[in-house]
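Worksheet for the structure shown next.
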Amino acid sequence: MSVEAKELVTEKAQTIDPSLLLLVQDLRVWFELRRFGFGHAGYVHAVDGVSFDLGHAEAIAVVGESGCGKSSLMKTILALYKPTKGEIIFEGKKHSEMDAKDIKWYRSQVGYVQQDPYGALAPFMSIKKILEEPLVIGGIKSKEEREQRVRKVMEEVKLHPVEDYWDKYPHMLSGGQQQRVVIARAMILEPKLLVADEPVSMLDASVRVEILKLFRGLQQKHNLSVIYITHDLATVSYFSERIFVMYAGRIAEKARVDPLLQNPLHPYTHALLQGTSDPDARNALSFKEVPPGEPPSLITPPPGCRFHPRCAKMIKGLCEVEEPPEYEPEPGHFVSCWLYKE
Amino acid sequence: MTETKLLHIEKLTLYFNSRGGDVQAVDGVDFDLDYNRAVVILGESGCGKSSLAKAILRLLPRNVSKYSGKVMLEGSDTMALDDEEYRLNVRWVGMSMVPQAAMNALNPVLRVGDQVAEPAMIHLGVNKEKALIQARSMFQHVGVPEGFINRYAFELSGGMRQRVAIAMALVTSPNLIILDEPTSALDVLTQANIFNVLKRTKKELGTSYILITHDIATSSELADDVAVMYAGQIVEFADAPRFFAEPLHPYAKALMASVPTLRGKKVLDFIEGQPPSLINLPQRCRFAPRCHSRFDKCEQDPPTIEKDGRKVKCWLYS
């Protein structure tokens with residue numbers, strides 16, 4: 001750790017709760033649009049003012065529809081994108097002040113579980129090679145140690161007997177087994193934080209539960225913090241402690257799982273819950289209530305609350321004019337909606 | 001025969017050639033479907049559910065090694081027709097299909113309205129103006145604004161494109177539409193919207209559906225009957241209220257136990273092992289190696305047993 005960084009830690013220690021692993025402050029990620037390759041033509045406001053904190057050994061879920069900015073948020077947390085504004089602080093270290101060495105350290109502390117396991121694994125590398133690579137990059141010279149750690153992590157994700165699997169290539173494994181390899185690779189450097197982008201959406205129902213259970217077990221065993229990005233509200237309650245609902249680049253609602261699922265406050269969360277079906281034959285008898293329209297363009301997002309054009313409870317003269325601040329109607333349950341203005 | 005069903009399938013079989021032997025993708029499937037009903041075919045990837053759709057609509061690839069059985073549509077045997085007769089009299093006119101990822105299969109250089117009108121021109125022999133009028137009314141039906149008729153596919157969102165694909169299947173007013181994973185790539189709210197469209201169409205036009213999906217939770221939005229497929233066979237066929245309350249077959253039970261629910265806490269469980277390869281299947285219950293309730297009899301192929309109007313292929317109920 002550099003001297004500067006150490007100073008930063010002591011300085012930050014006064015303001016940041018030590019139980020926090022990750023702090024995201026007013027994060028904005030905008031992508032510039034260009035006309036004819038040059039000439040500015042506006043921005044895509046993919047993430048527009050997102051703040052949250054994440055404790056040690058805590059699992060949170062970011063829920064939202066495609067295009068709401070959840071993947072951009074994730075990639076910025078992984079330090080793959082640079083934030084336009086705002087700050088990400090990991091263990092007291094600011095992203096913006098990290099040099100190349102710090103970034104390398106940071107990447108060893110953060111694992112990434114991709115959505116499509118087959119696409120995420122190099123087709124010409126054996127499972128052993130795939131799992132060894134982070135260790136080689138991480139600077140572990142001894143071949144024996146590498147092999148031992150590969151063996152250990154493969155047993156953790158239940159790819160045993162290890163010898164049966166490690167000479168195989170990704171295409172020889174089933175979808176569930178491939179996803180185990182991806183999880184093993186994310187875990188092999190013993191990170192503190194895992195970012196999982198829809199880790200089970202490509203899998204069949206029966207395998208999905210198996211992977212979720214394995215993942216949850218590993219998270220609890222190793223005290224990992226997890227950011228679980230998904231569009232499927234039904235799996236969330238089995239996996240995380242808190243849920244953040246994202247809409248059009250902003251967080252609409254933040255709460256613990258049970259209060260959010262049982263008492264959704266934001267009209268958008270309400271619609272999402274309404275739209276998710278449980279297996280029940282009575283569903284066929286009724287129509288679902290769905291808000292009209294589609295999510296807004298992130299190039300020119302609507303003024304005020306971004307959900308107001310689709311919202312049935314819109315307050316005229318307020319929702320379309322001013323952006324709602326974050327209210328806390330119940331302790332620990334945050335919602336950005338004018339309905340909760342005392 | 002009492003009354004004619006809309007669709008009656010008997011011992012439908014579709015095998016594919018492969019280097020290791022025949023792939024038994026669809027192996028002796030029987031079921032009936034009545035007018036204005038929806039049957040959901042549930043199954044995991046590789047169980048042959050998409051092949052079943054292809055077998056019903058005779059959309060066969062080149063490497064077919066065996067294709068047999070009976071497909072009776074409104075009382076007439078479609079298997080007796082030759083390919084040209086089949087194309088003229090059955091496909092689109094009698095039954096149509098919304099294939100998997102149909103929203104990405106629209107032609108990018110044709111206006112969506114023309115694409116929707118095309119089946120009507122070819123199969124009903126109407127002229128372009130009439131076909132476009134029909135396309136317009138179908139657009140209205142599935143909830144696509146009429147002005148979109150002159151747009152191109154890339155100008156529409158995913159949900160709108162999926163609606164266009166459904167409009168295309170409806171334009172020849174068939175009595176039966178086969179939907180292959182119609183909402184798997186869509187967002188929750190869009191998905192709910194599409195199911196609303198399908199429900200409304202069923203109510204207003206009296207269409208029947210075969211819905212092929214692996215998504216058990218959303219399938220209940222449309223289902224009147226449920227058929228569960230495992231390794232090329234239907235292992236359970238039941239009406240939806242009883243199926244979703246309590247399935248009979250051990251595989252269906254395990255599958256239901258693995259579905260996460262939003263309301264009510266349920267302990268999730270998964271099925272250990274993997275489905276068998278569809279090549280060289282043994283002559284015994286195909287689920288037996290993964291089944292918790294297996295016993296000696298499971299070494300023989302179970303018959304399909306009828307129990308209070310539900311059909312189940314399992315020795316437990318004999």
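By order of appearance in the structure tokens: chains A, B, ..., then residues from 1 within every chain, and ligands from 1 in the order shown.
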
Problem set entry | Spatial neighbours of range 292-301 of chain B, max dist 10 Å, only C-alpha atoms, sep filter under 3 positions, as an MDAnalysis selection string | chainID B and resid 250:251 254 271:272 282:289 304 313:316

Sorted per-residue table, range 221-280 of chain A near range 75-82 of chain A, closest atoms and distance, 12 Å, only C-alpha atoms, as a Markdown table:
| residue | atom | partner | partner_atom | distance |
| --- | --- | --- | --- | --- |
| A:Val226 | CA | A:Ile77 | CA | 12.0 |
| A:Ile227 | CA | A:Ile77 | CA | 9.8 |
| A:Ile229 | CA | A:Lys75 | CA | 11.2 |

How would the residues just picked look written out with N, CA and C atoms as a PDB file, in the first residue's frame?
ATOM      1  N   VAL A 226     -21.356  -9.862  -2.049  1.00  0.00           N
ATOM      2  CA  VAL A 226     -21.773 -10.170  -3.411  1.00  0.00           C
ATOM      3  C   VAL A 226     -22.699  -9.075  -3.941  1.00  0.00           C
ATOM      4  N   ILE A 227     -22.448  -8.666  -5.171  1.00  0.00           N
ATOM      5  CA  ILE A 227     -23.422  -7.825  -5.878  1.00  0.00           C
ATOM      6  C   ILE A 227     -24.027  -8.705  -6.954  1.00  0.00           C
ATOM      7  N   ILE A 229     -26.581  -9.136  -9.882  1.00  0.00           N
ATOM      8  CA  ILE A 229     -27.337  -8.320 -10.829  1.00  0.00           C
ATOM      9  C   ILE A 229     -28.321  -9.208 -11.562  1.00  0.00           C
TER      10      ILE A 229
END

Return as JSON lines the residues of chain A lying at most 7 Å from chain B, together with the closest atom-to-atom pair for each and the distance in Å to one decimal, counting only C-alpha atoms, with rows in chain order and ascending residue number.
{"residue": "A:Glu65", "atom": "CA", "partner": "B:Asp187", "partner_atom": "CA", "distance": 5.7}
{"residue": "A:Ser66", "atom": "CA", "partner": "B:Asp187", "partner_atom": "CA", "distance": 6.7}
{"residue": "A:Asp204", "atom": "CA", "partner": "B:Glu44", "partner_atom": "CA", "distance": 5.9}
{"residue": "A:Ala205", "atom": "CA", "partner": "B:Ser258", "partner_atom": "CA", "distance": 6.2}
{"residue": "A:Ser206", "atom": "CA", "partner": "B:Phe270", "partner_atom": "CA", "distance": 4.9}
{"residue": "A:Val207", "atom": "CA", "partner": "B:Phe270", "partner_atom": "CA", "distance": 6.6}
{"residue": "A:Val209", "atom": "CA", "partner": "B:Phe270", "partner_atom": "CA", "distance": 5.8}
{"residue": "A:Glu210", "atom": "CA", "partner": "B:Phe270", "partner_atom": "CA", "distance": 5.7}
{"residue": "A:Ala234", "atom": "CA", "partner": "B:Leu262", "partner_atom": "CA", "distance": 4.7}
{"residue": "A:Thr235", "atom": "CA", "partner": "B:Pro260", "partner_atom": "CA", "distance": 5.7}
{"residue": "A:Leu272", "atom": "CA", "partner": "B:Leu189", "partner_atom": "CA", "distance": 6.5}
{"residue": "A:Gly275", "atom": "CA", "partner": "B:Leu189", "partner_atom": "CA", "distance": 5.5}
{"residue": "A:Thr276", "atom": "CA", "partner": "B:Val188", "partner_atom": "CA", "distance": 6.3}
{"residue": "A:Ser277", "atom": "CA", "partner": "B:Thr218", "partner_atom": "CA", "distance": 5.5}
{"residue": "A:Asp278", "atom": "CA", "partner": "B:Ala217", "partner_atom": "CA", "distance": 4.9}
{"residue": "A:Pro279", "atom": "CA", "partner": "B:Ala217", "partner_atom": "CA", "distance": 4.1}
{"residue": "A:Asp280", "atom": "CA", "partner": "B:Ser220", "partner_atom": "CA", "distance": 5.7}
{"residue": "A:Ala281", "atom": "CA", "partner": "B:Pro241", "partner_atom": "CA", "distance": 4.9}
{"residue": "A:Asn283", "atom": "CA", "partner": "B:Glu221", "partner_atom": "CA", "distance": 4.8}
{"residue": "A:Ala284", "atom": "CA", "partner": "B:Glu221", "partner_atom": "CA", "distance": 4.4}
{"residue": "A:Phe287", "atom": "CA", "partner": "B:Asn196", "partner_atom": "CA", "distance": 5.8}
{"residue": "A:Lys288", "atom": "CA", "partner": "B:Ala192", "partner_atom": "CA", "distance": 6.5}
{"residue": "A:Val290", "atom": "CA", "partner": "B:Leu189", "partner_atom": "CA", "distance": 6.4}

N, CA and C atoms of the current selection, written as a PDB file, in the first residue's frame:
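The resulting selection-v1.pdb:
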ATOM      1  N   GLU A  65     -34.810  -3.762 -15.421  1.00  0.00           N
ATOM      2  CA  GLU A  65     -35.020  -4.300 -16.759  1.00  0.00           C
ATOM      3  C   GLU A  65     -33.809  -4.018 -17.632  1.00  0.00           C
ATOM      4  N   SER A  66     -33.771  -4.636 -18.807  1.00  0.00           N
ATOM      5  CA  SER A  66     -32.618  -4.383 -19.662  1.00  0.00           C
ATOM      6  C   SER A  66     -32.602  -2.910 -20.056  1.00  0.00           C
ATOM      7  N   ASP A 204     -31.200 -24.048 -16.794  1.00  0.00           N
ATOM      8  CA  ASP A 204     -32.519 -24.633 -16.625  1.00  0.00           C
ATOM      9  C   ASP A 204     -32.967 -24.541 -15.171  1.00  0.00           C
ATOM     10  N   ALA A 205     -34.267 -24.641 -14.974  1.00  0.00           N
ATOM     11  CA  ALA A 205     -34.838 -24.443 -13.637  1.00  0.00           C
ATOM     12  C   ALA A 205     -34.150 -25.295 -12.575  1.00  0.00           C
ATOM     13  N   SER A 206     -33.980 -26.585 -12.830  1.00  0.00           N
ATOM     14  CA  SER A 206     -33.460 -27.447 -11.776  1.00  0.00           C
ATOM     15  C   SER A 206     -31.995 -27.149 -11.482  1.00  0.00           C
ATOM     16  N   VAL A 207     -31.231 -26.803 -12.499  1.00  0.00           N
ATOM     17  CA  VAL A 207     -29.811 -26.502 -12.320  1.00  0.00           C
ATOM     18  C   VAL A 207     -29.647 -25.138 -11.652  1.00  0.00           C
ATOM     19  N   VAL A 209     -31.330 -23.664  -9.347  1.00  0.00           N
ATOM     20  CA  VAL A 209     -31.393 -23.715  -7.886  1.00  0.00           C
ATOM     21  C   VAL A 209     -30.101 -24.295  -7.322  1.00  0.00           C
ATOM     22  N   GLU A 210     -29.583 -25.301  -8.003  1.00  0.00           N
ATOM     23  CA  GLU A 210     -28.348 -25.934  -7.557  1.00  0.00           C
ATOM     24  C   GLU A 210     -27.218 -24.899  -7.503  1.00  0.00           C
ATOM     25  N   ALA A 234     -37.874 -13.240  -8.549  1.00  0.00           N
ATOM     26  CA  ALA A 234     -38.222 -14.431  -7.787  1.00  0.00           C
ATOM     27  C   ALA A 234     -36.995 -15.080  -7.144  1.00  0.00           C
ATOM     28  N   THR A 235     -35.835 -15.029  -7.815  1.00  0.00           N
ATOM     29  CA  THR A 235     -34.667 -15.691  -7.232  1.00  0.00           C
ATOM     30  C   THR A 235     -34.002 -14.832  -6.159  1.00  0.00           C
ATOM     31  N   LEU A 272     -43.289  -4.148 -11.059  1.00  0.00           N
ATOM     32  CA  LEU A 272     -42.397  -5.289 -11.291  1.00  0.00           C
ATOM     33  C   LEU A 272     -42.899  -6.515 -10.550  1.00  0.00           C
ATOM     34  N   GLY A 275     -45.871  -7.926 -12.171  1.00  0.00           N
ATOM     35  CA  GLY A 275     -45.568  -8.574 -13.444  1.00  0.00           C
ATOM     36  C   GLY A 275     -44.915  -9.937 -13.300  1.00  0.00           C
ATOM     37  N   THR A 276     -44.379 -10.234 -12.132  1.00  0.00           N
ATOM     38  CA  THR A 276     -43.709 -11.521 -11.930  1.00  0.00           C
ATOM     39  C   THR A 276     -44.735 -12.562 -11.508  1.00  0.00           C
ATOM     40  N   SER A 277     -44.750 -13.691 -12.214  1.00  0.00           N
ATOM     41  CA  SER A 277     -45.754 -14.707 -11.904  1.00  0.00           C
ATOM     42  C   SER A 277     -45.184 -15.774 -10.986  1.00  0.00           C
ATOM     43  N   ASP A 278     -46.031 -16.314 -10.170  1.00  0.00           N
ATOM     44  CA  ASP A 278     -45.734 -17.546  -9.450  1.00  0.00           C
ATOM     45  C   ASP A 278     -46.517 -18.649 -10.144  1.00  0.00           C
ATOM     46  N   PRO A 279     -46.020 -19.896 -10.081  1.00  0.00           N
ATOM     47  CA  PRO A 279     -46.798 -20.953 -10.737  1.00  0.00           C
ATOM     48  C   PRO A 279     -48.140 -21.149 -10.033  1.00  0.00           C
ATOM     49  N   ASP A 280     -49.179 -20.760 -10.695  1.00  0.00           N
ATOM     50  CA  ASP A 280     -50.509 -20.849 -10.102  1.00  0.00           C
ATOM     51  C   ASP A 280     -51.510 -20.831 -11.250  1.00  0.00           C
ATOM     52  N   ALA A 281     -52.393 -21.827 -11.294  1.00  0.00           N
ATOM     53  CA  ALA A 281     -53.315 -21.942 -12.415  1.00  0.00           C
ATOM     54  C   ALA A 281     -54.287 -20.775 -12.476  1.00  0.00           C
ATOM     55  N   ASN A 283     -53.609 -17.765 -12.449  1.00  0.00           N
ATOM     56  CA  ASN A 283     -53.048 -16.690 -13.265  1.00  0.00           C
ATOM     57  C   ASN A 283     -53.729 -16.583 -14.614  1.00  0.00           C
ATOM     58  N   ALA A 284     -54.142 -17.734 -15.150  1.00  0.00           N
ATOM     59  CA  ALA A 284     -54.685 -17.756 -16.505  1.00  0.00           C
ATOM     60  C   ALA A 284     -56.036 -17.052 -16.578  1.00  0.00           C
ATOM     61  N   PHE A 287     -56.077 -10.761 -16.201  1.00  0.00           N
ATOM     62  CA  PHE A 287     -55.052 -10.024 -16.927  1.00  0.00           C
ATOM     63  C   PHE A 287     -54.145  -9.320 -15.932  1.00  0.00           C
ATOM     64  N   LYS A 288     -52.914  -9.085 -16.351  1.00  0.00           N
ATOM     65  CA  LYS A 288     -51.980  -8.397 -15.466  1.00  0.00           C
ATOM     66  C   LYS A 288     -52.052  -6.900 -15.683  1.00  0.00           C
ATOM     67  N   VAL A 290     -50.132  -3.755 -16.247  1.00  0.00           N
ATOM     68  CA  VAL A 290     -48.796  -3.384 -16.657  1.00  0.00           C
ATOM     69  C   VAL A 290     -48.795  -1.892 -16.952  1.00  0.00           C
TER      70      VAL A 290
END

Exercise. Where does DSSP see strand (DSSP E) in range 179-276 of chain B, if you list the residues as a PyMOL selection string?
Worked result: chain B and resi 179-180+208-213+225-230+233-239

Give me a file of those residues, with C-alpha atoms, as a PDB file, in the first residue's frame.
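Result file part_0.pdb:
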ATOM      1  CA  LEU B 179     -45.466 -20.655 -29.520  1.00  0.00           C
ATOM      2  CA  ASP B 180     -41.877 -21.671 -28.916  1.00  0.00           C
ATOM      3  CA  SER B 208     -55.805 -22.520 -29.287  1.00  0.00           C
ATOM      4  CA  TYR B 209     -52.161 -22.529 -28.269  1.00  0.00           C
ATOM      5  CA  ILE B 210     -49.365 -24.960 -27.791  1.00  0.00           C
ATOM      6  CA  LEU B 211     -46.921 -23.063 -25.599  1.00  0.00           C
ATOM      7  CA  ILE B 212     -43.455 -24.525 -25.408  1.00  0.00           C
ATOM      8  CA  THR B 213     -41.388 -23.204 -22.548  1.00  0.00           C
ATOM      9  CA  ASP B 225     -53.460 -28.109 -19.647  1.00  0.00           C
ATOM     10  CA  VAL B 226     -49.869 -28.957 -18.875  1.00  0.00           C
ATOM     11  CA  ALA B 227     -47.690 -31.614 -20.485  1.00  0.00           C
ATOM     12  CA  VAL B 228     -44.304 -32.327 -18.946  1.00  0.00           C
ATOM     13  CA  MET B 229     -41.637 -33.681 -21.264  1.00  0.00           C
ATOM     14  CA  TYR B 230     -38.581 -35.607 -20.218  1.00  0.00           C
ATOM     15  CA  GLN B 233     -41.489 -38.421 -23.896  1.00  0.00           C
ATOM     16  CA  ILE B 234     -44.457 -36.848 -22.189  1.00  0.00           C
ATOM     17  CA  VAL B 235     -44.325 -38.063 -18.599  1.00  0.00           C
ATOM     18  CA  GLU B 236     -47.376 -36.245 -17.300  1.00  0.00           C
ATOM     19  CA  PHE B 237     -50.435 -34.630 -18.865  1.00  0.00           C
ATOM     20  CA  ALA B 238     -52.910 -32.889 -16.600  1.00  0.00           C
ATOM     21  CA  ASP B 239     -55.203 -29.913 -16.314  1.00  0.00           C
TER      22      ASP B 239
END

For this session: Tell me, as a ChimeraX atom specification, which residues lie within 8 Å of Val113 in chain A, counting only C-alpha atoms; anything in the same chain fewer than 2 positions away does not count.
Result: /A:111,115,182-183,186,194-197,199

Exercise. Could you pull the residues within 12 Å of Ser51 in chain B, counting only C-alpha atoms, minus those fewer than 3 positions along the same chain, as a PyMOL selection string?
Worked result: chain B and resi 12-16+23-27+29+41+43+45-48+54-61+64+67+99-100+180+212+229+231-233

Take the selection from the previous step and output its residues with C-alpha atoms, as a tab-separated table (two decimals), in the first residue's frame.
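Listing of again01.tsv after writing:
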chain	number	residue	atom	x	y	z
B	12	LEU	CA	-45.60	-38.98	-32.87
B	13	THR	CA	-41.95	-39.88	-33.34
B	14	LEU	CA	-39.05	-37.88	-34.68
B	15	TYR	CA	-35.50	-39.24	-34.72
B	16	PHE	CA	-32.42	-37.53	-36.09
B	23	VAL	CA	-31.19	-39.09	-31.54
B	24	GLN	CA	-34.64	-39.91	-30.18
B	25	ALA	CA	-35.81	-36.32	-29.83
B	26	VAL	CA	-39.52	-37.07	-29.89
B	27	ASP	CA	-40.40	-40.61	-28.93
B	29	VAL	CA	-45.89	-38.53	-27.98
B	41	ILE	CA	-45.29	-28.18	-22.91
B	43	GLY	CA	-39.33	-29.31	-20.13
B	45	SER	CA	-33.30	-27.86	-22.57
B	46	GLY	CA	-32.62	-30.93	-24.65
B	47	CYS	CA	-35.83	-32.75	-23.72
B	48	GLY	CA	-37.16	-32.52	-27.27
B	54	LYS	CA	-41.19	-29.06	-35.53
B	55	ALA	CA	-42.70	-32.52	-35.78
B	56	ILE	CA	-46.24	-31.19	-35.39
B	57	LEU	CA	-45.71	-28.53	-38.05
B	58	ARG	CA	-43.56	-30.78	-40.24
B	59	LEU	CA	-40.70	-28.30	-40.29
B	60	LEU	CA	-38.02	-30.91	-40.57
B	61	PRO	CA	-34.28	-30.57	-40.98
B	64	VAL	CA	-34.32	-36.97	-40.04
B	67	TYR	CA	-40.76	-39.49	-38.69
B	99	PRO	CA	-40.64	-19.69	-33.54
B	100	GLN	CA	-38.03	-19.19	-30.87
B	180	ASP	CA	-41.88	-21.67	-28.92
B	212	ILE	CA	-43.46	-24.53	-25.41
B	229	MET	CA	-41.64	-33.68	-21.26
B	231	ALA	CA	-36.07	-37.19	-22.59
B	232	GLY	CA	-38.36	-37.14	-25.62
B	233	GLN	CA	-41.49	-38.42	-23.90

Exercise. What residues in range 66-220 of chain A get the DSSP label alpha helix (DSSP H)? Please answer as a ChimeraX atom specification.
Worked result: /A:70-77,100-109,117-120,127-137,143-156,162-165,175-187,205-220

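Across the structure, CA of Tyr152 in chain B and CA of Arg111 in chain B are spaced 4.7 Å apart.
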
Exercise. Do you know which residues are at most 12 Å from Glu190 in chain A counting only C-alpha atoms, after dropping those on the same chain fewer than 4 positions away, and could you put them as a ChimeraX atom specification?
Worked result: /A:105-112,134-135,138,149-150,152-153,183-186,194,218-219,221-225

Write to file, as a PDB file, in the first residue's frame, the residues of the selection just made, with C-alpha atoms.
ATOM      1  CA  TRP A 105      -4.566  -5.351  -6.411  1.00  0.00           C
ATOM      2  CA  TYR A 106      -8.180  -4.226  -6.677  1.00  0.00           C
ATOM      3  CA  ARG A 107      -8.894  -6.737  -9.437  1.00  0.00           C
ATOM      4  CA  SER A 108      -7.540  -9.522  -7.241  1.00  0.00           C
ATOM      5  CA  GLN A 109      -9.999  -8.463  -4.559  1.00  0.00           C
ATOM      6  CA  VAL A 110     -13.015  -8.440  -6.832  1.00  0.00           C
ATOM      7  CA  GLY A 111     -14.254 -11.504  -8.703  1.00  0.00           C
ATOM      8  CA  TYR A 112     -16.590 -11.463 -11.671  1.00  0.00           C
ATOM      9  CA  PRO A 134      -5.599 -15.747 -12.566  1.00  0.00           C
ATOM     10  CA  LEU A 135      -2.933 -17.293 -10.323  1.00  0.00           C
ATOM     11  CA  GLY A 138      -1.471 -12.880  -9.690  1.00  0.00           C
ATOM     12  CA  ARG A 149      -5.253 -24.082  -5.229  1.00  0.00           C
ATOM     13  CA  VAL A 150      -6.982 -25.147  -8.451  1.00  0.00           C
ATOM     14  CA  LYS A 152      -9.141 -26.756  -3.708  1.00  0.00           C
ATOM     15  CA  VAL A 153     -11.386 -24.360  -5.572  1.00  0.00           C
ATOM     16  CA  ILE A 183     -17.578 -19.272 -10.207  1.00  0.00           C
ATOM     17  CA  ALA A 184     -14.374 -21.160  -9.352  1.00  0.00           C
ATOM     18  CA  ARG A 185     -12.365 -18.790 -11.515  1.00  0.00           C
ATOM     19  CA  ALA A 186     -13.919 -15.769  -9.842  1.00  0.00           C
ATOM     20  CA  LEU A 194     -17.959 -10.980  -6.114  1.00  0.00           C
ATOM     21  CA  LEU A 218     -19.750 -20.222  -0.706  1.00  0.00           C
ATOM     22  CA  GLN A 219     -20.713 -16.655   0.086  1.00  0.00           C
ATOM     23  CA  LYS A 221     -18.589 -19.816   4.155  1.00  0.00           C
ATOM     24  CA  HIS A 222     -16.015 -17.294   2.953  1.00  0.00           C
ATOM     25  CA  ASN A 223     -17.772 -14.157   4.220  1.00  0.00           C
ATOM     26  CA  LEU A 224     -17.900 -12.797   0.707  1.00  0.00           C
ATOM     27  CA  SER A 225     -19.734  -9.684  -0.274  1.00  0.00           C
TER      28      SER A 225
END

Exercise. Nearest to Ile194 in chain B among B:Arg163, B:Arg37, B:Lys49, B:Lys253, with distances taken over only C-alpha atoms: which residue is it?
Worked result: B:Arg163

Problem set entry | Residues near Asn175 in chain B, cut-off 9 Å, only C-alpha atoms, skip fewer than 3 positions along chain, as a list in words |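 Near Asn175 in chain B, the qualifying residues are Leu6, Tyr35, Asn36, Val93, Gly94, Met95, Ser96, Leu205, Gly206, Thr207, Ser208 and Tyr209 of chain B.
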
Write the residues you've just listed into a file as a JSON list (two decimals), in the first residue's frame, and include N, CA and C atoms for each of them.
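Once everything was written out, this is again_11.json:
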[["chain", "number", "residue", "atom", "x", "y", "z"],
["B", 6, "LEU", "N", -59.56, -30.48, -31.92],
["B", 6, "LEU", "CA", -58.81, -29.62, -32.83],
["B", 6, "LEU", "C", -57.54, -30.33, -33.28],
["B", 35, "TYR", "N", -60.63, -27.14, -29.00],
["B", 35, "TYR", "CA", -60.75, -25.77, -29.48],
["B", 35, "TYR", "C", -60.66, -24.78, -28.32],
["B", 36, "ASN", "N", -60.02, -23.67, -28.56],
["B", 36, "ASN", "CA", -59.92, -22.58, -27.58],
["B", 36, "ASN", "C", -59.32, -23.02, -26.24],
["B", 93, "VAL", "N", -52.49, -21.89, -42.49],
["B", 93, "VAL", "CA", -53.94, -21.85, -42.59],
["B", 93, "VAL", "C", -54.57, -22.59, -41.41],
["B", 94, "GLY", "N", -54.08, -23.80, -41.17],
["B", 94, "GLY", "CA", -54.62, -24.60, -40.08],
["B", 94, "GLY", "C", -53.92, -24.29, -38.77],
["B", 95, "MET", "N", -52.60, -24.25, -38.84],
["B", 95, "MET", "CA", -51.85, -23.89, -37.64],
["B", 95, "MET", "C", -50.61, -23.12, -38.04],
["B", 96, "SER", "N", -50.24, -22.18, -37.20],
["B", 96, "SER", "CA", -49.05, -21.40, -37.50],
["B", 96, "SER", "C", -48.14, -21.42, -36.28],
["B", 205, "LEU", "N", -60.64, -14.30, -30.23],
["B", 205, "LEU", "CA", -60.62, -15.01, -31.51],
["B", 205, "LEU", "C", -60.80, -16.52, -31.34],
["B", 206, "GLY", "N", -60.76, -17.00, -30.11],
["B", 206, "GLY", "CA", -60.95, -18.43, -29.88],
["B", 206, "GLY", "C", -59.79, -19.28, -30.34],
["B", 207, "THR", "N", -58.62, -18.72, -30.37],
["B", 207, "THR", "CA", -57.44, -19.47, -30.82],
["B", 207, "THR", "C", -57.01, -20.48, -29.75],
["B", 208, "SER", "N", -56.44, -21.57, -30.21],
["B", 208, "SER", "CA", -55.80, -22.52, -29.29],
["B", 208, "SER", "C", -54.30, -22.34, -29.36],
["B", 209, "TYR", "N", -53.61, -22.67, -28.27],
["B", 209, "TYR", "CA", -52.16, -22.53, -28.27],
["B", 209, "TYR", "C", -51.48, -23.81, -27.83]]

Problem set entry | Nearest to Glu328 in chain A, chosen from A:Leu212, A:Ile188, A:Arg282, A:Leu265, with only C-alpha atoms counted in the distances |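 Smallest separation from Glu328 in chain A among the options: A:Leu265.
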
Problem set entry | Between CA of Leu54 in chain A and CA of Arg242 in chain A, distance in Å (one decimal) |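 One can read the CA of Leu54 in chain A to CA of Arg242 in chain A distance as 9.6 Å.
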
For this session: Show which residues sit within 6 Å of range 163-167 of chain A, as a list in words. Count only C-alpha atoms, and ignore same-chain residues fewer than 3 positions away.
Result: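 The filter keeps Ser126, Ile127 and Lys128 of chain A.
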
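Using only C-alpha atoms, the nearest neighbour of Glu91 in chain A within the list A:Leu233, A:Leu73, A:Leu193, A:Val321 is A:Leu193.
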
Exercise. Given the choices A:Glu58, A:Asp53, A:Asp116, A:Glu294, which gets closest to Phe90 in chain A if the distance is worked out from only C-alpha atoms?
Worked result: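 Going through A:Glu58, A:Asp53, A:Asp116, A:Glu294 one by one, the smallest distance to Phe90 in chain A is for A:Asp53.
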